[in-house]
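Below you'll find the structure, written out as structure tokens, and then a few comments.
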Amino acid sequence: MRWSRRAVLKSLAISSAGLAMARPRGTVASASGDGRRLLALVNDDPVGAAFLRGAMAAGAVPLQARIISSDVQALLALERELRQADGLRVIGLLDDATGTLVVDLARGAGARISWLAQHATSTEGSRHLVFDIDRTEDRTRWLVDHLYAKGAGYQTVVQRRGESPKQWSSGPRGAAPPGVWPGAVGHLLGSLATSTRAIRDAGSDNVVTHDKFVSFLIEV
Amino acid sequence: MAQQNNPVLPRGVTQATFEKALEAFRALLGEENVLAQPSQLTPYSKVMMSVENDAHAPSAALTVSSVEQVQGVVRICNEHKIPIWPISTGRNFGYGSAAPVQRGQVILDLKKMNRILKVDPDMCYALVEPGVTYQQLYDYIEENNLPLMLSFPAPSAIASPLGNIMDRGVGYTPYGEHFMMQCGMEVVLANGDIYRTGMGGVKGSNTWQIFKWGFGPTLDGMFTQANYGIVTKIGFWLMPKPPVFKPFEVIFENEEDIVDIVEMLRPLRISGTIPNSVVIANVLWEAGSANVRRQTYTTESGHTPDEILKKIQRDTGMGAWNLYAALYGTQEQVDADWKIVSEAFKRLGKGRIVTQEEAGDKQPFKYRAQLMSGVPNLQEFGLYNWRGGGGSMWFAPVSEARGSECEKQARLAKRILHKHGLDYVAEFIVGPRDMHHVVDVLFDRTNPEETARADACFNELLDEFEKEGYAVYRVNTRFQERVARSYGTVKRDVEHAIKRALDPNNILAPGRSGIDLHTYNKV
């Protein structure tokens, strides 16, 4: 099945005011590089929509988007899917509760996790705690550079096995939008999942949120 | 595939020795069951504690499928002096996730040993392997239409009965003191021997899951919260499903009501009139579980002011304390008990009773009723969205089931948490005589300053409670050494003497509950 913008829009429109308003811009479906299915997990909110737009802008298509919460049956179904899948990548940006569960179920299913981070929005901008797994420092630097280019404040800490943490931070400049990071994280994970080397502009979606999130790239 | 220059190694083990051990593990288990790539280990490395993930990073993880493989792993570990950290499903969350107590330990993941070996509907027991989850067991009982009911903790669906029992966890039914319901276990010892407790050593015995004690010393308890063996099978009793189940909630408006609640409740619990592990949840536990988020009310840092807590109460109808209990039995039994219980609450003159008929599908009543009737769910994870940021450490001091004691503990915990700018999110789980006072220390791990405050807060909670003669019954891996000190040197000497006898190479989870031959020095 060829997932396209139409299909993503259909998934975006699932009974949600927030997501129903989402409109991915300028994305065209194309064949996935290695044929593995790409699934995006988001909450039913504008943050999820911004994340999906960012992922699609990175060329992460075909993309199947799924709204998920900490409903037990949905999560157990996801675990079964991970366990039975033969070539599946799952990117996502989820609230802490659901994200914690998804990451834990991924372990139970024997999946790999190639990206894991926690995100928060503060009055000074955004905070990102990134667990650098496969030497993805260049991607984290891109995230930081992107936020800087948008004038957004950020505090980013990168933890890597066996090394001291690295930290980058910058205060907001001018009337900088604090909520550009969900789209940027979507863009980053979309490019990581599809092994897109050239990272493009992730757009300037500004999502107002004070919730906190977990992002991930799971591979089976 | 050989790992070169693994940045995380077991304590005292060279790269070369570690490589040899990995090769031996691969020969025993196959390449696919020896996980040493960073992306394979990340799922095992995520912690919720007030330290970096790297502080508890494993050097590798192994997955095994049989008791024989466990024995083989133990043999290799002894040969190369590799410390291993066994997990069943590793879903202890606020009490510690899958990550090992000490950096560099090799995780022994038992999730593939997931057979339900027996469920006896007449004798009402189960015998399972470590990887079996409560959901798996629940599905089995439902599919086979067995007249049995489970008891489990809040992460019910995804947690393992073996793991919860071994950590002496609690549930919310009349069988809620889970270790009390345990009957028979099989343990792989550090020398590879297989030891069956209770009646399990008797050839041809059919009473392994029937009679706990066997003959001579009974050692089951010695293996819980410990590192003397790897439990590969566990038996436990199941409650017959009652014909009638009547859950109810009693909502109390004021914090100080805790004194009267507990005084009124204790005789009902000790007499067995209310048979299950009753929960008394405070407003923030209740709100978090119902997916109320702090940012809806305030985006200020620090603890949430009492005025806001009152506003949450007004907005949601929740109480300062919210008591959940249930009655079980025939209609006649439940009717008789309900008369006693409801009249006791009426005599108290405070508290608003809510029945299932009144609550309908409203949360958090619905998930509480499910937990009390053995239906798995994950609703309580909503707590992690209250403040957000991935930090959660459960502080769980034991209290007498006495009103004045509960109030004293609640005030002390709240004062310390507020001092550190964190919220008092708590519940009391009521046994007949004791209370597990469970406080979820929630904090934002994306904020280094808040993480440091949470760490200081947890230390102060331990210190200040200890001064009052209180100690926790269970704690996450960061604080196990600290808590072990609260229980005195004689206990620790005995524990280390047992460790020396059973595991002289110190390969089984050194550091678990503070038991570690390398670091412990007799005072």
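Naming works like this for the structure tokens: A, B, ... for the chains as they're shown, residue 1 at the start of each chain, ligands 1 onward in shown order.
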
Exercise for the section: Write out as a list in words every residue belonging to chain A that has an atom at most 6 Å from any atom of chain B, counting only C-alpha atoms. Expected result: Val72, Asp96, Ala97, Arg107, Arg112, Ile113, Ser114, Arg127, His128, Leu129, Ile133, Arg161, Gly162 and Lys212 of chain A

Using only C-alpha atoms, determine which residues lie at most 10 Å from B:Gly221, disregarding the query and same-chain residues fewer than 4 positions distant; provide the list as a PDB file with N, CA and C atoms, in the first residue's frame.
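Result file part14.pdb:
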```pdb
ATOM      1  N   MET B 166       9.033 -11.182  43.842  1.00  0.00           N
ATOM      2  CA  MET B 166      10.419 -11.176  44.308  1.00  0.00           C
ATOM      3  C   MET B 166      10.811  -9.818  44.877  1.00  0.00           C
ATOM      4  N   ARG B 168       8.676  -8.100  46.577  1.00  0.00           N
ATOM      5  CA  ARG B 168       7.680  -7.984  47.644  1.00  0.00           C
ATOM      6  C   ARG B 168       6.718  -6.824  47.399  1.00  0.00           C
ATOM      7  N   PHE B 179       3.832 -11.519  48.378  1.00  0.00           N
ATOM      8  CA  PHE B 179       4.787 -12.531  48.840  1.00  0.00           C
ATOM      9  C   PHE B 179       4.121 -13.499  49.823  1.00  0.00           C
ATOM     10  N   MET B 180       3.104 -13.005  50.540  1.00  0.00           N
ATOM     11  CA  MET B 180       2.371 -13.876  51.451  1.00  0.00           C
ATOM     12  C   MET B 180       1.658 -14.992  50.676  1.00  0.00           C
ATOM     13  N   GLN B 182       2.818 -16.321  47.876  1.00  0.00           N
ATOM     14  CA  GLN B 182       3.791 -17.106  47.110  1.00  0.00           C
ATOM     15  C   GLN B 182       3.899 -18.508  47.722  1.00  0.00           C
ATOM     16  N   GLN B 225      14.166  -9.656  47.105  1.00  0.00           N
ATOM     17  CA  GLN B 225      14.959  -8.420  47.202  1.00  0.00           C
ATOM     18  C   GLN B 225      16.429  -8.752  47.472  1.00  0.00           C
ATOM     19  N   ALA B 226      16.913  -9.834  46.895  1.00  0.00           N
ATOM     20  CA  ALA B 226      18.254 -10.308  47.236  1.00  0.00           C
ATOM     21  C   ALA B 226      19.020 -10.718  45.987  1.00  0.00           C
TER      22      ALA B 226
END
```

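Atom CA of A:Pro46 lies 12.2 Å from atom CA of A:His210.
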
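For the choices B:Leu284, B:Met435, B:Ile429, B:Met393, the atom-to-atom distance to B:Tyr324 is smallest for B:Ile429 when using only C-alpha atoms.
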
Practice task
Run DSSP on the backbone and grab whatever in stretch 31-208 of chain A lands in helix (DSSP H, G or I); send it over as number ranges by chain.
Solution key: A: 46-57, 72-84, 96-108, 137-149, 178-193

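Each of B:Pro240, B:Gly317, B:Gly96, B:Gly514 was checked against B:Pro121 using only C-alpha atoms; the smallest atom-to-atom distance is that of B:Pro240.
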
Practice task
For each of A:Leu192, A:Pro177, A:Ile67, A:Ala184, take the minimum atom-to-atom distance to A:Ser122, counting only C-alpha atoms, then give the residue where this is smallest.
Solution key: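 Residue with the minimum atom-to-atom distance to A:Ser122: A:Pro177.
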